[in-house]
Amino acid sequence: MNDFYYRKLEVYHLSKKMVAEVYVLTESFPQSELYGLTNQIQRAAISVPSNIAEGVGRFAFKERLHFIEIAYGSLMEVMCQIEIAELLNYVTKESTLQLETDITNIARMLSGLRRSLKEKIN
């Protein structure tokens, strides 16, 4: 197995792009949110590609599946936090919809990867 196989996965590259988008969006958050919502959403976003990379780097399919599921959970956390940011008027509806489109695509890919791994386990 290639040590950096995760780099071949489109979902990995899309999730890195999402991280960059989250960072751009959070630049406009109030300074009072620096250690609150800003930090939380950035950490959740970074968790997605990080867990994809870590999971793909594992040898056991069960371990790979576990990290893909963590990545999926972090992705849902990002979506929730973007919705909260919109509610607080930190981001526009348009920004939320654009990020939601990206998150939906990543979620579908992670679901497919999860399904594939489950089949290999069973």
# chains A, B, ... in the order shown; residues from 1 in each chain; ligands from 1
$ closest_atom_pairs --of "range 31-105 of chain A" --to "range 7-10 of chain A" --cutoff "10 Å" --atoms "only C-alpha atoms" --output "JSON lines"
{"residue": "A:Ile52", "atom": "CA", "partner": "A:Leu9", "partner_atom": "CA", "distance": 9.1}
{"residue": "A:Ala53", "atom": "CA", "partner": "A:Arg7", "partner_atom": "CA", "distance": 7.9}
{"residue": "A:Val56", "atom": "CA", "partner": "A:Leu9", "partner_atom": "CA", "distance": 9.6}
$ closest_atom_pairs --of "range 45-84 of chain A" --to "range 98-103 of chain A" --cutoff "9 Å" --atoms "only C-alpha atoms" --output "JSON lines"
{"residue": "A:Leu75", "atom": "CA", "partner": "A:Ile103", "partner_atom": "CA", "distance": 6.9}
{"residue": "A:Met76", "atom": "CA", "partner": "A:Ile103", "partner_atom": "CA", "distance": 8.2}
{"residue": "A:Val78", "atom": "CA", "partner": "A:Ile103", "partner_atom": "CA", "distance": 8.5}
{"residue": "A:Met79", "atom": "CA", "partner": "A:Glu100", "partner_atom": "CA", "distance": 6.8}
{"residue": "A:Ile82", "atom": "CA", "partner": "A:Leu99", "partner_atom": "CA", "distance": 8.3}
$ select_by_dssp --residues "range 62-93 of chain A" --states "helix (DSSP H, G or I)" --output "ChimeraX atom specification"
/A:62-87,93
$ residues_around --residues "Pro30 in chain A" --least-positions-apart "3" --cutoff "8 Å" --atoms "only C-alpha atoms" --output "list in words"
Glu33, Leu34 and Tyr90 of chain A
$ write_last_selection --atoms "N, CA and C atoms" --output "PDB file, in the first residue's frame"
ATOM      1  N   GLU A  33     -15.517  35.591  19.380  1.00  0.00           N
ATOM      2  CA  GLU A  33     -15.725  34.176  19.057  1.00  0.00           C
ATOM      3  C   GLU A  33     -14.421  33.432  18.789  1.00  0.00           C
ATOM      4  N   LEU A  34     -13.285  34.120  18.910  1.00  0.00           N
ATOM      5  CA  LEU A  34     -11.998  33.515  18.577  1.00  0.00           C
ATOM      6  C   LEU A  34     -11.790  32.168  19.273  1.00  0.00           C
ATOM      7  N   TYR A  90     -23.260  35.749  11.382  1.00  0.00           N
ATOM      8  CA  TYR A  90     -21.823  35.799  11.119  1.00  0.00           C
ATOM      9  C   TYR A  90     -21.526  35.433   9.671  1.00  0.00           C
TER      10      TYR A  90
END
$ closest_residue --among "A:Glu119, A:Glu69, A:Glu54, A:Glu86" --to "Tyr5 in chain A" --atoms "only C-alpha atoms"
A:Glu54
$ atom_distance --atom1 "CA of Ala45 in chain A" --atom2 "CA of Ser74 in chain A"
6.8 Å
$ atom_distance --atom1 "CA of Val11 in chain A" --atom2 "CA of Ile46 in chain A"
13.4 Å
$ residues_around --residues "Ile68 in chain A" --least-positions-apart "6" --cutoff "8 Å" --atoms "only C-alpha atoms" --output "list in words"
Asn51, Ile52, Gly55, Leu110, Leu113 and Arg114 of chain A
$ write_last_selection --atoms "all heavy atoms" --output "mmCIF file, in the first residue's frame"
data_model
loop_
_atom_site.group_PDB
_atom_site.id
_atom_site.type_symbol
_atom_site.label_atom_id
_atom_site.label_comp_id
_atom_site.auth_asym_id
_atom_site.auth_seq_id
_atom_site.Cartn_x
_atom_site.Cartn_y
_atom_site.Cartn_z
ATOM 1 N N ASN A 51 -8.849 12.810 9.616
ATOM 2 C CA ASN A 51 -9.325 11.465 9.917
ATOM 3 C C ASN A 51 -9.405 10.591 8.676
ATOM 4 O O ASN A 51 -9.226 9.374 8.762
ATOM 5 C CB ASN A 51 -10.666 11.519 10.648
ATOM 6 C CG ASN A 51 -10.471 11.770 12.119
ATOM 7 O OD1 ASN A 51 -9.978 10.918 12.833
ATOM 8 N ND2 ASN A 51 -10.812 12.971 12.558
ATOM 9 N N ILE A 52 -9.649 11.199 7.531
ATOM 10 C CA ILE A 52 -9.589 10.428 6.283
ATOM 11 C C ILE A 52 -8.169 9.904 6.104
ATOM 12 O O ILE A 52 -7.959 8.709 5.852
ATOM 13 C CB ILE A 52 -10.016 11.282 5.075
ATOM 14 C CG1 ILE A 52 -11.509 11.610 5.157
ATOM 15 C CG2 ILE A 52 -9.695 10.561 3.767
ATOM 16 C CD1 ILE A 52 -11.971 12.673 4.164
ATOM 17 N N GLY A 55 -7.362 7.268 8.781
ATOM 18 C CA GLY A 55 -8.099 6.032 8.548
ATOM 19 C C GLY A 55 -7.539 5.225 7.402
ATOM 20 O O GLY A 55 -7.362 4.007 7.503
ATOM 21 N N LEU A 110 -17.963 10.080 1.598
ATOM 22 C CA LEU A 110 -17.621 9.358 2.827
ATOM 23 C C LEU A 110 -18.569 8.190 3.047
ATOM 24 O O LEU A 110 -18.145 7.116 3.492
ATOM 25 C CB LEU A 110 -17.647 10.303 4.038
ATOM 26 C CG LEU A 110 -16.493 11.280 4.156
ATOM 27 C CD1 LEU A 110 -16.717 12.233 5.321
ATOM 28 C CD2 LEU A 110 -15.159 10.542 4.299
ATOM 29 N N LEU A 113 -17.435 5.426 0.800
ATOM 30 C CA LEU A 113 -16.224 4.822 1.343
ATOM 31 C C LEU A 113 -16.567 3.932 2.533
ATOM 32 O O LEU A 113 -16.056 2.817 2.669
ATOM 33 C CB LEU A 113 -15.241 5.924 1.736
ATOM 34 C CG LEU A 113 -13.833 5.537 2.146
ATOM 35 C CD1 LEU A 113 -13.162 4.662 1.103
ATOM 36 C CD2 LEU A 113 -13.007 6.794 2.390
ATOM 37 N N ARG A 114 -17.464 4.417 3.364
ATOM 38 C CA ARG A 114 -17.921 3.641 4.529
ATOM 39 C C ARG A 114 -18.576 2.345 4.079
ATOM 40 O O ARG A 114 -18.296 1.273 4.622
ATOM 41 C CB ARG A 114 -18.892 4.481 5.355
ATOM 42 C CG ARG A 114 -19.407 3.796 6.588
ATOM 43 C CD ARG A 114 -20.362 4.725 7.353
ATOM 44 N NE ARG A 114 -20.836 4.088 8.540
ATOM 45 C CZ ARG A 114 -21.943 3.337 8.608
ATOM 46 N NH1 ARG A 114 -22.678 3.156 7.519
ATOM 47 N NH2 ARG A 114 -22.313 2.785 9.741
#
$ closest_residue --among "A:Lys62, A:Glu83, A:Ser95, A:Val22" --to "Arg115 in chain A" --atoms "only C-alpha atoms"
A:Lys62
$ atom_distance --atom1 "CA of Met109 in chain A" --atom2 "CA of Val24 in chain A"
23.5 Å
$ closest_residue --among "A:Glu21, A:Gly36, A:Ile41, A:Leu117" --to "Glu63 in chain A" --atoms "only C-alpha atoms"
A:Leu117
$ closest_residue --among "A:Leu25, A:Ile121, A:Val48, A:Ala60" --to "Asn89 in chain A" --atoms "only C-alpha atoms"
A:Leu25
$ decode --residues "range 22-34 of chain A" --atoms "all heavy atoms" --output "CSV table (one decimal), in the first residue's frame"
chain,number,residue,atom,x,y,z
A,22,VAL,N,-13.8,27.2,5.2
A,22,VAL,CA,-14.2,27.5,6.6
A,22,VAL,C,-13.3,28.6,7.1
A,22,VAL,O,-13.8,29.5,7.8
A,22,VAL,CB,-14.2,26.2,7.4
A,22,VAL,CG1,-14.2,26.5,8.9
A,22,VAL,CG2,-15.4,25.3,7.0
A,23,TYR,N,-12.0,28.5,6.9
A,23,TYR,CA,-11.1,29.5,7.4
A,23,TYR,C,-11.4,30.9,6.8
A,23,TYR,O,-11.4,31.9,7.5
A,23,TYR,CB,-9.6,29.1,7.1
A,23,TYR,CG,-9.0,28.3,8.3
A,23,TYR,CD1,-9.3,27.0,8.5
A,23,TYR,CD2,-8.2,29.0,9.2
A,23,TYR,CE1,-8.8,26.3,9.5
A,23,TYR,CE2,-7.6,28.3,10.2
A,23,TYR,CZ,-7.9,26.9,10.4
A,23,TYR,OH,-7.4,26.2,11.4
A,24,VAL,N,-11.7,31.0,5.5
A,24,VAL,CA,-12.1,32.2,4.9
A,24,VAL,C,-13.4,32.8,5.6
A,24,VAL,O,-13.4,34.0,5.9
A,24,VAL,CB,-12.3,32.1,3.4
A,24,VAL,CG1,-12.9,33.3,2.8
A,24,VAL,CG2,-10.9,31.8,2.7
A,25,LEU,N,-14.3,31.9,5.7
A,25,LEU,CA,-15.6,32.4,6.4
A,25,LEU,C,-15.4,32.9,7.8
A,25,LEU,O,-16.0,33.9,8.2
A,25,LEU,CB,-16.6,31.2,6.4
A,25,LEU,CG,-17.4,31.0,5.1
A,25,LEU,CD1,-18.3,29.8,5.3
A,25,LEU,CD2,-18.2,32.2,4.7
A,26,THR,N,-14.6,32.2,8.6
A,26,THR,CA,-14.4,32.5,10.0
A,26,THR,C,-13.6,33.7,10.2
A,26,THR,O,-13.6,34.3,11.3
A,26,THR,CB,-13.9,31.3,10.8
A,26,THR,OG1,-12.6,30.9,10.2
A,26,THR,CG2,-14.8,30.2,10.8
A,27,GLU,N,-12.9,34.2,9.2
A,27,GLU,CA,-12.1,35.4,9.3
A,27,GLU,C,-13.0,36.6,9.7
A,27,GLU,O,-12.5,37.5,10.4
A,27,GLU,CB,-11.4,35.8,8.0
A,27,GLU,CG,-10.2,34.9,7.7
A,27,GLU,CD,-9.5,35.3,6.4
A,27,GLU,OE1,-10.0,36.1,5.7
A,27,GLU,OE2,-8.5,34.6,6.1
A,28,SER,N,-14.2,36.6,9.3
A,28,SER,CA,-15.1,37.7,9.6
A,28,SER,C,-15.9,37.5,10.9
A,28,SER,O,-16.7,38.4,11.2
A,28,SER,CB,-16.1,37.9,8.4
A,28,SER,OG,-17.0,36.7,8.3
A,29,PHE,N,-15.7,36.4,11.6
A,29,PHE,CA,-16.4,36.2,12.8
A,29,PHE,C,-15.9,37.3,13.9
A,29,PHE,O,-14.7,37.7,13.8
A,29,PHE,CB,-16.1,34.8,13.4
A,29,PHE,CG,-16.9,33.7,12.7
A,29,PHE,CD1,-17.5,33.9,11.5
A,29,PHE,CD2,-17.1,32.5,13.4
A,29,PHE,CE1,-18.2,32.9,10.9
A,29,PHE,CE2,-17.8,31.5,12.8
A,29,PHE,CZ,-18.3,31.7,11.5
A,30,PRO,N,-16.7,37.7,14.8
A,30,PRO,CA,-16.3,38.6,15.8
A,30,PRO,C,-15.1,38.1,16.6
A,30,PRO,O,-15.0,36.9,16.8
A,30,PRO,CB,-17.5,38.8,16.7
A,30,PRO,CG,-18.7,38.2,16.0
A,30,PRO,CD,-18.1,37.2,15.0
A,31,GLN,N,-14.3,39.0,17.1
A,31,GLN,CA,-13.1,38.6,17.9
A,31,GLN,C,-13.5,37.9,19.1
A,31,GLN,O,-12.8,37.0,19.6
A,31,GLN,CB,-12.3,39.9,18.3
A,31,GLN,CG,-11.0,39.7,19.0
A,31,GLN,CD,-10.0,39.0,18.2
A,31,GLN,OE1,-10.0,39.1,17.0
A,31,GLN,NE2,-9.1,38.3,18.8
A,32,SER,N,-14.7,38.2,19.7
A,32,SER,CA,-15.2,37.5,20.9
A,32,SER,C,-15.4,36.0,20.6
A,32,SER,O,-15.5,35.2,21.6
A,32,SER,CB,-16.5,38.2,21.4
A,32,SER,OG,-17.5,38.0,20.4
A,33,GLU,N,-15.5,35.6,19.4
A,33,GLU,CA,-15.7,34.2,19.1
A,33,GLU,C,-14.4,33.4,18.8
A,33,GLU,O,-14.4,32.2,18.5
A,33,GLU,CB,-16.6,34.0,17.8
A,33,GLU,CG,-18.1,34.4,18.1
A,33,GLU,CD,-18.8,33.4,18.9
A,33,GLU,OE1,-18.2,32.3,19.3
A,33,GLU,OE2,-19.9,33.7,19.3
A,34,LEU,N,-13.3,34.1,18.9
A,34,LEU,CA,-12.0,33.5,18.6
A,34,LEU,C,-11.8,32.2,19.3
A,34,LEU,O,-11.3,31.2,18.7
A,34,LEU,CB,-10.8,34.5,18.9
A,34,LEU,CG,-9.5,34.0,18.5
A,34,LEU,CD1,-9.4,33.8,17.0
A,34,LEU,CD2,-8.4,35.0,19.0
